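With compact mmCIF, C-alpha atoms and all ligand atoms inside, this is structure.txt:
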```txt
# COMPACT_ATOMS: atom_id res chain seq x y z
CA MET B 1 -3.70 14.81 3.62
CA LEU B 2 -3.85 13.88 7.28
CA SER B 3 -6.81 16.12 8.10
CA GLU B 4 -8.77 14.96 5.03
CA CYS B 5 -8.25 11.32 6.12
CA LEU B 6 -9.48 12.09 9.64
CA GLU B 7 -12.49 14.03 8.36
CA GLY B 8 -13.20 11.16 5.97
CA LEU B 9 -13.36 8.71 8.87
CA ASN B 10 -16.06 10.86 10.51
CA ILE B 11 -14.88 9.73 13.95
CA LYS B 12 -17.39 9.11 16.75
CA PRO B 13 -15.68 9.25 20.17
CA ASP B 14 -17.12 5.85 21.15
CA GLY B 15 -16.58 4.13 17.79
CA ILE B 16 -14.22 1.32 16.79
CA TYR B 17 -11.61 2.25 14.16
CA VAL B 18 -8.93 0.38 12.26
CA ASP B 19 -5.71 1.85 10.87
CA VAL B 20 -4.33 -0.96 8.70
CA THR B 21 -1.08 0.89 7.88
CA PHE B 22 0.32 2.12 11.20
CA GLY B 23 3.80 3.06 9.84
CA GLY B 24 5.18 5.77 12.11
CA GLY B 25 1.79 6.10 13.84
CA GLY B 26 0.97 9.64 12.64
CA HIS B 27 -2.61 8.84 11.64
CA SER B 28 -3.20 6.48 14.57
CA LEU B 29 -2.18 9.09 17.14
CA LYS B 30 -4.60 11.63 15.64
CA ILE B 31 -7.43 9.08 15.67
CA LEU B 32 -6.70 8.21 19.31
CA GLU B 33 -6.92 11.90 20.24
CA GLN B 34 -10.54 11.91 19.07
CA LEU B 35 -11.64 8.76 20.93
CA ARG B 36 -13.22 8.63 24.41
CA GLU B 37 -14.87 5.26 24.99
CA GLY B 38 -13.83 4.12 21.53
CA ARG B 39 -11.13 1.79 20.34
CA LEU B 40 -8.38 1.78 17.70
CA ILE B 41 -6.90 -1.40 16.29
CA ALA B 42 -3.81 -0.80 14.17
CA PHE B 43 -1.99 -3.14 11.80
CA ASP B 44 1.43 -3.15 10.22
CA GLN B 45 3.49 -6.08 8.99
CA ASP B 46 6.77 -4.27 9.67
CA GLU B 47 8.68 -4.99 12.85
CA ASP B 48 9.94 -1.39 13.10
CA ALA B 49 6.32 -0.20 13.07
CA LYS B 50 5.56 -2.65 15.90
CA ASN B 51 8.44 -1.21 17.95
CA GLN B 52 7.11 2.27 17.30
CA ALA B 53 3.60 1.20 18.36
CA GLU B 54 4.93 -0.04 21.70
CA SER B 55 5.43 3.58 22.74
CA ILE B 56 1.66 4.16 22.68
CA GLN B 57 0.34 3.61 26.17
CA SER B 58 -3.41 3.85 25.70
CA ARG B 59 -6.06 1.36 26.80
CA SER B 60 -8.00 2.24 23.66
CA PHE B 61 -5.15 1.00 21.45
CA THR B 62 -4.31 -2.48 20.15
CA PHE B 63 -1.53 -3.24 17.66
CA CYS B 64 -1.41 -6.32 15.43
CA GLN B 65 1.84 -7.08 13.64
CA ALA B 66 0.17 -8.66 10.65
CA ASN B 67 -0.57 -8.24 6.99
CA PHE B 68 -3.83 -6.34 6.49
CA ARG B 69 -4.97 -9.05 4.10
CA HIS B 70 -5.83 -10.93 7.32
CA MET B 71 -7.70 -7.99 8.90
CA LYS B 72 -10.98 -9.77 9.59
CA GLN B 73 -9.30 -12.73 11.28
CA TYR B 74 -7.19 -10.50 13.57
CA LEU B 75 -10.18 -8.34 14.45
CA LYS B 76 -12.03 -11.51 15.46
CA LEU B 77 -9.08 -12.60 17.60
CA ASN B 78 -9.42 -9.25 19.37
CA GLY B 79 -13.15 -9.74 19.95
CA VAL B 80 -14.23 -7.33 17.21
CA SER B 81 -16.62 -8.24 14.40
CA LYS B 82 -17.88 -4.81 13.27
CA VAL B 83 -16.11 -1.44 13.09
CA ASP B 84 -17.02 2.18 12.29
CA GLY B 85 -14.08 3.18 10.13
CA VAL B 86 -11.12 1.68 8.29
CA LEU B 87 -8.12 3.71 7.16
CA ALA B 88 -5.42 2.53 4.73
CA ASP B 89 -2.47 4.75 3.80
CA LEU B 90 -0.85 2.37 1.32
CA GLY B 91 2.73 1.82 0.26
CA VAL B 92 6.00 2.36 2.10
CA SER B 93 6.64 4.58 5.10
CA SER B 94 9.26 7.32 5.13
CA HIS B 95 11.08 5.28 7.77
CA GLN B 96 11.29 2.30 5.39
CA ILE B 97 12.44 4.48 2.47
CA ASP B 98 15.05 6.28 4.57
CA SER B 99 16.59 3.08 6.01
CA ALA B 100 19.32 2.12 3.54
CA GLU B 101 19.53 -1.45 4.85
CA ARG B 102 15.88 -2.12 3.86
CA GLY B 103 16.74 -1.64 0.20
CA PHE B 104 13.64 0.44 -0.77
CA SER B 105 15.50 3.56 -1.80
CA THR B 106 17.01 4.43 -5.16
CA ARG B 107 19.14 7.05 -3.39
CA PHE B 108 21.08 4.86 -0.92
CA ASP B 109 23.04 1.72 -1.48
CA GLY B 110 21.82 -1.28 0.47
CA PRO B 111 20.93 -4.95 0.03
CA LEU B 112 18.22 -5.61 -2.59
CA ASP B 113 15.69 -6.61 0.05
CA MET B 114 12.46 -4.50 -0.06
CA ARG B 115 10.47 -6.77 2.28
CA MET B 116 8.05 -4.99 4.58
CA ASP B 117 7.72 -8.20 6.58
CA LYS B 118 11.20 -9.59 7.16
CA LYS B 119 9.77 -13.07 7.78
CA CYS B 120 8.76 -13.37 4.12
CA LYS B 121 11.08 -15.37 1.89
CA LEU B 122 10.93 -13.37 -1.34
CA THR B 123 13.38 -10.45 -1.67
CA ALA B 124 14.07 -8.08 -4.56
CA ALA B 125 17.40 -9.89 -5.13
CA LYS B 126 15.55 -13.20 -5.51
CA VAL B 127 13.13 -11.67 -8.02
CA LEU B 128 16.02 -10.24 -10.05
CA ASN B 129 18.20 -13.35 -9.88
CA GLU B 130 15.61 -16.10 -10.20
CA TYR B 131 12.56 -14.94 -12.19
CA PRO B 132 12.39 -15.96 -15.85
CA GLU B 133 12.89 -13.09 -18.30
CA GLU B 134 9.19 -13.08 -19.37
CA LYS B 135 8.05 -12.75 -15.76
CA LEU B 136 10.46 -9.86 -15.15
CA HIS B 137 9.16 -8.21 -18.32
CA LYS B 138 5.58 -8.63 -17.09
CA ILE B 139 6.06 -7.19 -13.58
CA LEU B 140 8.17 -4.27 -14.82
CA GLY B 141 5.48 -3.35 -17.34
CA MET B 142 2.50 -4.04 -15.11
CA TYR B 143 3.63 -2.77 -11.70
CA GLY B 144 6.13 -0.12 -12.77
CA GLU B 145 4.57 0.93 -16.08
CA VAL B 146 8.15 0.83 -17.40
CA LYS B 147 8.01 1.65 -21.14
CA ASN B 148 11.03 -0.43 -22.26
CA ALA B 149 10.25 -3.32 -19.88
CA LYS B 150 11.26 -5.97 -22.44
CA THR B 151 14.69 -4.39 -23.05
CA LEU B 152 15.24 -3.97 -19.33
CA ALA B 153 14.23 -7.55 -18.47
CA HIS B 154 16.70 -8.78 -21.10
CA ALA B 155 19.48 -6.56 -19.71
CA MET B 156 18.78 -7.87 -16.19
CA VAL B 157 19.07 -11.48 -17.31
CA GLN B 158 22.34 -10.77 -19.13
CA GLN B 159 23.74 -8.94 -16.12
CA ARG B 160 22.89 -11.73 -13.66
CA SER B 161 24.58 -14.33 -15.85
CA VAL B 162 27.83 -12.42 -15.20
CA LYS B 163 27.18 -11.58 -11.55
CA LYS B 164 24.09 -12.09 -9.36
CA PHE B 165 22.37 -8.94 -8.11
CA GLU B 166 23.01 -8.18 -4.45
CA ARG B 167 22.97 -4.41 -3.90
CA ASN B 168 20.77 -1.48 -4.99
CA LYS B 169 23.75 0.23 -6.54
CA GLU B 170 24.32 -2.66 -8.95
CA LEU B 171 20.73 -2.35 -10.12
CA VAL B 172 20.89 1.45 -10.42
CA ASP B 173 24.12 1.16 -12.44
CA LEU B 174 22.34 -1.14 -14.89
CA LEU B 175 19.27 1.13 -15.03
CA GLN B 176 21.50 4.09 -15.96
CA THR B 177 22.34 2.31 -19.20
CA VAL B 178 18.71 1.87 -20.34
CA ALA B 179 16.89 4.83 -18.70
CA PRO B 180 15.50 7.59 -20.94
CA ARG B 181 17.85 10.60 -20.86
CA GLY B 182 16.78 13.30 -18.47
CA LYS B 183 14.16 11.02 -16.87
CA GLU B 184 16.51 8.73 -14.98
CA PHE B 185 15.08 9.31 -11.49
CA LYS B 186 11.51 8.68 -12.57
CA TYR B 187 12.68 5.51 -14.31
CA PHE B 188 14.57 4.25 -11.23
CA ALA B 189 11.49 4.90 -9.09
CA GLN B 190 9.25 2.96 -11.51
CA VAL B 191 11.55 -0.07 -11.50
CA PHE B 192 11.93 -0.04 -7.71
CA GLN B 193 8.16 0.28 -7.34
CA ALA B 194 7.59 -2.74 -9.58
CA LEU B 195 10.00 -4.88 -7.55
CA ARG B 196 8.54 -3.71 -4.23
CA ILE B 197 4.98 -4.51 -5.32
CA GLU B 198 6.03 -7.99 -6.42
CA VAL B 199 8.10 -8.72 -3.30
CA ASN B 200 5.27 -7.71 -0.95
CA GLU B 201 2.39 -9.06 -3.08
CA GLU B 202 0.85 -5.62 -2.69
CA MET B 203 -1.90 -5.92 -5.28
CA GLN B 204 -3.09 -9.29 -3.98
CA ALA B 205 -3.04 -8.01 -0.37
CA LEU B 206 -5.05 -4.93 -1.37
CA GLU B 207 -7.70 -7.05 -3.11
CA ASP B 208 -8.02 -9.39 -0.11
CA PHE B 209 -8.26 -6.41 2.24
CA LEU B 210 -10.88 -4.51 0.23
CA HIS B 211 -13.17 -7.55 0.08
CA GLN B 212 -13.16 -7.69 3.89
CA CYS B 213 -14.03 -4.00 4.30
CA GLY B 214 -17.62 -4.54 3.17
CA GLU B 215 -17.94 -7.34 5.73
CA VAL B 216 -16.48 -5.60 8.78
CA LEU B 217 -17.86 -2.06 8.44
CA ASN B 218 -21.14 -1.10 10.13
CA ILE B 219 -23.76 0.62 7.96
CA GLY B 220 -22.73 4.29 7.83
CA GLY B 221 -19.10 3.31 8.57
CA ARG B 222 -16.34 4.85 6.48
CA LEU B 223 -13.61 3.41 4.30
CA VAL B 224 -10.72 5.82 3.70
CA VAL B 225 -7.92 4.75 1.36
CA MET B 226 -4.91 6.73 0.25
CA SER B 227 -3.04 5.22 -2.68
CA TYR B 228 0.11 6.27 -4.49
CA HIS B 229 -0.05 4.67 -7.90
CA SER B 230 -2.68 4.19 -10.57
CA LEU B 231 -2.99 0.41 -10.19
CA GLU B 232 -3.91 0.72 -6.52
CA ASP B 233 -6.27 3.60 -7.15
CA ARG B 234 -7.98 1.70 -9.97
CA LEU B 235 -8.72 -1.24 -7.64
CA VAL B 236 -10.00 1.00 -4.85
CA LYS B 237 -12.19 2.99 -7.25
CA SER B 238 -13.59 -0.14 -8.83
CA TYR B 239 -14.35 -1.75 -5.46
CA ILE B 240 -16.12 1.36 -4.19
CA ASN B 241 -18.14 1.82 -7.38
CA THR B 242 -19.04 -1.80 -8.11
CA GLY B 243 -18.22 -3.94 -5.05
CA LYS B 244 -15.83 -5.85 -7.31
CA MET B 245 -12.25 -5.43 -8.51
CA TYR B 246 -13.10 -5.91 -12.17
CA GLY B 247 -16.24 -5.69 -14.28
CA GLU B 248 -19.60 -4.00 -13.98
CA VAL B 249 -21.72 -3.61 -10.86
CA GLU B 250 -24.30 -6.39 -10.45
CA LYS B 251 -27.98 -5.54 -10.07
CA ASP B 252 -30.91 -7.35 -8.48
CA PHE B 253 -34.23 -8.17 -10.16
CA TYR B 254 -35.48 -4.61 -9.52
CA GLY B 255 -32.36 -2.97 -10.91
CA ASN B 256 -30.89 -2.04 -7.50
CA LYS B 257 -27.11 -1.99 -7.50
CA LEU B 258 -25.60 -4.78 -5.39
CA LYS B 259 -22.59 -3.07 -3.84
CA PRO B 260 -21.54 -2.37 -0.26
CA PHE B 261 -20.28 1.24 -0.61
CA GLU B 262 -21.28 4.64 -1.90
CA ALA B 263 -18.48 7.07 -2.74
CA VAL B 264 -18.46 10.16 -0.51
CA ASN B 265 -16.31 12.09 -2.98
CA ARG B 266 -16.87 11.29 -6.63
CA LYS B 267 -13.34 12.34 -7.56
CA PRO B 268 -10.34 11.41 -5.42
CA VAL B 269 -8.94 14.11 -3.16
CA GLU B 270 -5.43 15.15 -4.17
CA ALA B 271 -2.70 17.02 -2.31
CA THR B 272 -2.43 20.79 -2.54
CA GLU B 273 0.65 22.44 -4.09
CA GLU B 274 1.76 23.39 -0.57
CA GLU B 275 1.63 19.77 0.58
CA VAL B 276 3.55 18.57 -2.47
CA LYS B 277 6.25 21.17 -1.77
CA GLU B 278 6.59 19.81 1.78
CA ASN B 279 6.37 16.15 0.86
CA ASN B 280 7.11 15.14 -2.72
CA ARG B 281 5.47 11.74 -2.22
CA ALA B 282 2.09 13.49 -1.86
CA ARG B 283 2.37 14.38 -5.58
CA SER B 284 0.88 11.04 -6.60
CA ALA B 285 -1.45 10.52 -3.61
CA LYS B 286 -5.15 9.90 -4.26
CA LEU B 287 -7.57 9.74 -1.38
CA ARG B 288 -10.89 7.95 -1.77
CA ILE B 289 -13.61 7.97 0.87
CA ALA B 290 -16.68 5.75 0.85
CA GLU B 291 -19.59 5.00 3.17
CA ARG B 292 -20.96 1.53 3.91
CA ILE B 293 -24.57 1.41 2.75
C1 LIG O 1 2.60 4.99 4.00
S1 LIG O 1 3.00 4.07 5.41
C2 LIG O 1 1.82 4.54 6.60
C3 LIG O 1 2.17 5.78 7.34
C4 LIG O 1 1.22 6.08 8.48
N1 LIG O 1 -0.10 6.42 8.01
C5 LIG O 1 1.75 7.17 9.39
O1 LIG O 1 0.97 8.06 9.73
O2 LIG O 1 2.91 7.09 9.79
C6 LIG O 1 2.49 2.45 5.01
C7 LIG O 1 2.74 1.39 6.06
O3 LIG O 1 1.88 0.30 5.76
C8 LIG O 1 2.56 -0.91 5.95
N2 LIG O 1 1.96 -1.87 5.04
C9 LIG O 1 1.94 -1.81 3.69
N3 LIG O 1 1.28 -2.88 3.20
C10 LIG O 1 0.87 -3.61 4.27
C11 LIG O 1 0.13 -4.82 4.40
N4 LIG O 1 -0.30 -5.51 3.34
N5 LIG O 1 -0.13 -5.26 5.65
C12 LIG O 1 0.31 -4.57 6.74
N6 LIG O 1 1.03 -3.43 6.67
C13 LIG O 1 1.30 -2.96 5.45
C14 LIG O 1 4.00 -0.60 5.65
O4 LIG O 1 4.83 -1.50 6.35
C15 LIG O 1 4.14 0.85 6.11
O5 LIG O 1 4.64 0.91 7.42
```
Spit out the file's structure as structure tokens when you get a sec.
Ligand SMILES: C[S@@+](CC[C@H](N)C(=O)[O-])C[C@H]1O[C@@H](n2cnc3c(N)ncnc32)[C@H](O)[C@@H]1O
Amino acid sequence: MLSECLEGLNIKPDGIYVDVTFGGGGHSLKILEQLREGRLIAFDQDEDAKNQAESIQSRSFTFCQANFRHMKQYLKLNGVSKVDGVLADLGVSSHQIDSAERGFSTRFDGPLDMRMDKKCKLTAAKVLNEYPEEKLHKILGMYGEVKNAKTLAHAMVQQRSVKKFERNKELVDLLQTVAPRGKEFKYFAQVFQALRIEVNEEMQALEDFLHQCGEVLNIGGRLVVMSYHSLEDRLVKSYINTGKMYGEVEKDFYGNKLKPFEAVNRKPVEATEEEVKENNRARSAKLRIAERI
């Protein structure tokens, strides 16, 4: 949904734009093509993304190797207080998934790492080996929507008492024993997603980031967010519709809604069948676009 994201940003050639998930730079490069006097500030917490960004030789471009939960602070450090568009394409990049040594993939064996920012201390192995059973149960259910989360958390604790988890393959071998028949791959993906979200504090980072969008965007500026699972999409939808992550929109004395955004598209944009055929990950993508009011 690259073109829908770009259209959503409604790019002015002299505007200031932020891509908070640089990844391989696909979206950033397309934004840069549309700028003349404008500026693009890109973020990614991953070192590989930073190395990729170094190949962009444009005076309009600035890269910050940082978590987007600190967006406002880094913009300030770069002399920017207001911007015209913010793009977030959440989750993991294909580069991260395809690098066995990063531990994100259910398909390759690698260390149970899953950190986007290698400076962080928490890894998937630490979660599996050190979290109490109830906490494992909670994150598997909440972040992975794993149906038999309690059974799985118990199996994990039993397994680690025999041998600590180190490699993806050890986890996949255990998952084979509790996965619903015929739905193994979906099950593996749900468990890996839950661990990844916990390791990278993805929900907390998204909340912190969304709150700053209302503050940094100029009136008429656009917020464009592509999410890949229902928890993320629920937060984005709620923030756009109410200005808050949870609860109803607040109103002033006259009944005017107190919220910073108006949705541009009432329903999220989803990938076409063609796109899903080309890129299976697009299957679960939901794109929401909102305007600062
Ligand atoms: C789906 S990819 C983005 C792909 C990108 N749009 C492109 O065109 O190549 C998501 C990227 O966001 C980064 N990321 C995810 N959460 C982040 C966070 N809280 N702060 C900074 N970067 C983050 C990941 O490291 C990953 O590189």
If the limit is 9 Å from any atom of ligand LIG 1 (chain O), counting all atoms listed in the file, which residues qualify? Return them as a ChimeraX atom specification. /B:2,19-30,43-49,65-71,87-96,115-117,200-206,209,226-228
Please determine, counting only C-alpha atoms, which residue among B:Val86, B:Ile139, B:Val172, B:Leu32 has the shortest atom-to-atom distance to Ala189 in chain B.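 With only C-alpha atoms as the atom set, the closest residue is B:Val172.
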So what do you get for CA of Arg36 in chain B versus CA of Val80 in chain B, distance-wise?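 Between CA of Arg36 in chain B and CA of Val80 in chain B the gap works out to 17.5 Å.
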Nearest to Glu278 in chain B by atom-to-atom distance, counting only C-alpha atoms, from B:Met1, B:Ile97, B:Val191, B:Val178: B:Met1
Calculate how many Å separate CA of Val157 in chain B from CA of Gly182 in chain B, rounding to one decimal. 24.9 Å
For His137 in chain B, please output as an mmCIF file with C-alpha atoms, in the frame of the given file all residues within 9 Å (counting all atoms listed in the file; exclusion window: fewer than 4 positions along the same chain).
```cif
data_model
loop_
_atom_site.group_PDB
_atom_site.id
_atom_site.type_symbol
_atom_site.label_atom_id
_atom_site.label_comp_id
_atom_site.auth_asym_id
_atom_site.auth_seq_id
_atom_site.Cartn_x
_atom_site.Cartn_y
_atom_site.Cartn_z
ATOM 1 C CA PRO B 132 12.390 -15.960 -15.850
ATOM 2 C CA GLU B 133 12.890 -13.090 -18.300
ATOM 3 C CA GLY B 141 5.480 -3.350 -17.340
ATOM 4 C CA MET B 142 2.500 -4.040 -15.110
ATOM 5 C CA ASN B 148 11.030 -0.430 -22.260
ATOM 6 C CA ALA B 149 10.250 -3.320 -19.880
ATOM 7 C CA LYS B 150 11.260 -5.970 -22.440
ATOM 8 C CA THR B 151 14.690 -4.390 -23.050
ATOM 9 C CA LEU B 152 15.240 -3.970 -19.330
ATOM 10 C CA ALA B 153 14.230 -7.550 -18.470
ATOM 11 C CA HIS B 154 16.700 -8.780 -21.100
#
```
Pick from B:Arg39, B:Lys286, B:Lys82, B:Lys147: nearest to Val236 in chain B, with only C-alpha atoms counted? B:Lys286
Length of the CA of Phe104 in chain B to CA of Met156 in chain B vector [Å]: 18.3 Å
Leu175 in chain B: which residues within 10 Å, counting only C-alpha atoms, same-chain residues fewer than 2 positions away excluded, as a ChimeraX atom specification? /B:152,155-156,169-173,177-180,184-185,187-188,191
Can I get the selected residues back with C-alpha atoms, as a PDB file, in the frame of the given file?
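Dumped everything to again.pdb:
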```pdb
ATOM      1  CA  LEU B 152      15.240  -3.970 -19.330  1.00  0.00           C
ATOM      2  CA  ALA B 155      19.480  -6.560 -19.710  1.00  0.00           C
ATOM      3  CA  MET B 156      18.780  -7.870 -16.190  1.00  0.00           C
ATOM      4  CA  LYS B 169      23.750   0.230  -6.540  1.00  0.00           C
ATOM      5  CA  GLU B 170      24.320  -2.660  -8.950  1.00  0.00           C
ATOM      6  CA  LEU B 171      20.730  -2.350 -10.120  1.00  0.00           C
ATOM      7  CA  VAL B 172      20.890   1.450 -10.420  1.00  0.00           C
ATOM      8  CA  ASP B 173      24.120   1.160 -12.440  1.00  0.00           C
ATOM      9  CA  THR B 177      22.340   2.310 -19.200  1.00  0.00           C
ATOM     10  CA  VAL B 178      18.710   1.870 -20.340  1.00  0.00           C
ATOM     11  CA  ALA B 179      16.890   4.830 -18.700  1.00  0.00           C
ATOM     12  CA  PRO B 180      15.500   7.590 -20.940  1.00  0.00           C
ATOM     13  CA  GLU B 184      16.510   8.730 -14.980  1.00  0.00           C
ATOM     14  CA  PHE B 185      15.080   9.310 -11.490  1.00  0.00           C
ATOM     15  CA  TYR B 187      12.680   5.510 -14.310  1.00  0.00           C
ATOM     16  CA  PHE B 188      14.570   4.250 -11.230  1.00  0.00           C
ATOM     17  CA  VAL B 191      11.550  -0.070 -11.500  1.00  0.00           C
TER      18      VAL B 191
END
```
Considering all atoms listed in the file, give me a table of residues in range 23-113 of chain B that are at most 12 Å from range 161-165 of chain B, with the closest atom pair and distance in Å for each, as CSV.
```
residue,atom,partner,partner_atom,distance
B:Gly110,CA,B:Phe165,CA,11.5
B:Pro111,CA,B:Phe165,CA,9.2
B:Leu112,CA,B:Phe165,CA,7.7
B:Asp113,CA,B:Phe165,CA,10.8
```
From the set B:Ala263, B:Gly38, B:Arg102, B:Ala194, which residue has the shortest atom-to-atom contact distance to Gly220 in chain B, counting all atoms listed in the file?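 Of B:Ala263, B:Gly38, B:Arg102, B:Ala194, the one nearest Gly220 in chain B, counting all atoms listed in the file, is B:Ala263.
Proximity ranking of B:Gly85, B:Gly247, B:Gly144, B:Gly79 relative to Ala290 in chain B places B:Gly85 first, based on all atoms listed in the file.
When all atoms listed in the file are used to measure the gap to Tyr239 in chain B, the shortest distance among B:Glu166, B:Glu4, B:Asp252, B:Glu207 belongs to B:Glu207.
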Quick one: everything within 9 Å of Glu248 in chain B, counting all atoms listed in the file, minus sequence neighbours fewer than 5 positions away in the same chain. Send it as a ChimeraX atom specification. /B:238,241-242
Let me have the centre and edge lengths in Å, one decimal, of the box along x, y and z around every listed atom of range 14-32 of chain B with 8 Å of margin on each side, as lines of an AutoDock Vina configuration file.
```
center_x = -6.0
center_y = 5.3
center_z = 14.5
size_x = 38.3
size_y = 28.6
size_z = 29.3
```
Mind rebuilding range 112-125 of chain B with N, CA, C and O atoms and writing that out as a PDB file, in the frame of the given file?
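Saved as result31.pdb:
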```
ATOM      1  N   LEU B 112      19.473  -5.613  -1.818  1.00  0.00           N
ATOM      2  CA  LEU B 112      18.220  -5.610  -2.590  1.00  0.00           C
ATOM      3  C   LEU B 112      17.201  -6.476  -1.849  1.00  0.00           C
ATOM      4  O   LEU B 112      16.983  -7.636  -2.173  1.00  0.00           O
ATOM      5  N   ASP B 113      16.607  -5.882  -0.821  1.00  0.00           N
ATOM      6  CA  ASP B 113      15.690  -6.610   0.050  1.00  0.00           C
ATOM      7  C   ASP B 113      14.241  -6.236  -0.264  1.00  0.00           C
ATOM      8  O   ASP B 113      13.504  -6.954  -0.909  1.00  0.00           O
ATOM      9  N   MET B 114      13.795  -5.067   0.208  1.00  0.00           N
ATOM     10  CA  MET B 114      12.460  -4.500  -0.060  1.00  0.00           C
ATOM     11  C   MET B 114      11.310  -5.255   0.593  1.00  0.00           C
ATOM     12  O   MET B 114      10.151  -5.071   0.200  1.00  0.00           O
ATOM     13  N   ARG B 115      11.584  -6.107   1.591  1.00  0.00           N
ATOM     14  CA  ARG B 115      10.470  -6.770   2.280  1.00  0.00           C
ATOM     15  C   ARG B 115       9.942  -5.860   3.380  1.00  0.00           C
ATOM     16  O   ARG B 115      10.719  -5.335   4.171  1.00  0.00           O
ATOM     17  N   MET B 116       8.632  -5.701   3.443  1.00  0.00           N
ATOM     18  CA  MET B 116       8.050  -4.990   4.580  1.00  0.00           C
ATOM     19  C   MET B 116       8.012  -5.930   5.780  1.00  0.00           C
ATOM     20  O   MET B 116       8.190  -5.514   6.920  1.00  0.00           O
ATOM     21  N   ASP B 117       7.741  -7.189   5.514  1.00  0.00           N
ATOM     22  CA  ASP B 117       7.720  -8.200   6.580  1.00  0.00           C
ATOM     23  C   ASP B 117       8.969  -9.060   6.397  1.00  0.00           C
ATOM     24  O   ASP B 117       9.046  -9.854   5.442  1.00  0.00           O
ATOM     25  N   LYS B 118       9.914  -8.911   7.341  1.00  0.00           N
ATOM     26  CA  LYS B 118      11.200  -9.590   7.160  1.00  0.00           C
ATOM     27  C   LYS B 118      11.089 -11.109   7.277  1.00  0.00           C
ATOM     28  O   LYS B 118      12.047 -11.823   6.997  1.00  0.00           O
ATOM     29  N   LYS B 119       9.924 -11.604   7.684  1.00  0.00           N
ATOM     30  CA  LYS B 119       9.770 -13.070   7.780  1.00  0.00           C
ATOM     31  C   LYS B 119       9.464 -13.681   6.404  1.00  0.00           C
ATOM     32  O   LYS B 119       9.557 -14.886   6.232  1.00  0.00           O
ATOM     33  N   CYS B 120       9.070 -12.834   5.456  1.00  0.00           N
ATOM     34  CA  CYS B 120       8.760 -13.370   4.120  1.00  0.00           C
ATOM     35  C   CYS B 120      10.039 -13.816   3.421  1.00  0.00           C
ATOM     36  O   CYS B 120      11.113 -13.287   3.685  1.00  0.00           O
ATOM     37  N   LYS B 121       9.887 -14.773   2.520  1.00  0.00           N
ATOM     38  CA  LYS B 121      11.080 -15.370   1.890  1.00  0.00           C
ATOM     39  C   LYS B 121      11.543 -14.581   0.659  1.00  0.00           C
ATOM     40  O   LYS B 121      12.725 -14.524   0.363  1.00  0.00           O
ATOM     41  N   LEU B 122      10.580 -14.008  -0.066  1.00  0.00           N
ATOM     42  CA  LEU B 122      10.930 -13.370  -1.340  1.00  0.00           C
ATOM     43  C   LEU B 122      11.556 -11.989  -1.117  1.00  0.00           C
ATOM     44  O   LEU B 122      10.980 -11.154  -0.416  1.00  0.00           O
ATOM     45  N   THR B 123      12.733 -11.771  -1.721  1.00  0.00           N
ATOM     46  CA  THR B 123      13.380 -10.450  -1.670  1.00  0.00           C
ATOM     47  C   THR B 123      13.517  -9.926  -3.099  1.00  0.00           C
ATOM     48  O   THR B 123      13.344 -10.695  -4.056  1.00  0.00           O
ATOM     49  N   ALA B 124      13.882  -8.644  -3.221  1.00  0.00           N
ATOM     50  CA  ALA B 124      14.070  -8.080  -4.560  1.00  0.00           C
ATOM     51  C   ALA B 124      15.220  -8.795  -5.270  1.00  0.00           C
ATOM     52  O   ALA B 124      15.166  -9.021  -6.484  1.00  0.00           O
ATOM     53  N   ALA B 125      16.265  -9.177  -4.522  1.00  0.00           N
ATOM     54  CA  ALA B 125      17.400  -9.890  -5.130  1.00  0.00           C
ATOM     55  C   ALA B 125      16.927 -11.215  -5.729  1.00  0.00           C
ATOM     56  O   ALA B 125      17.314 -11.595  -6.836  1.00  0.00           O
TER      57      ALA B 125
END
```
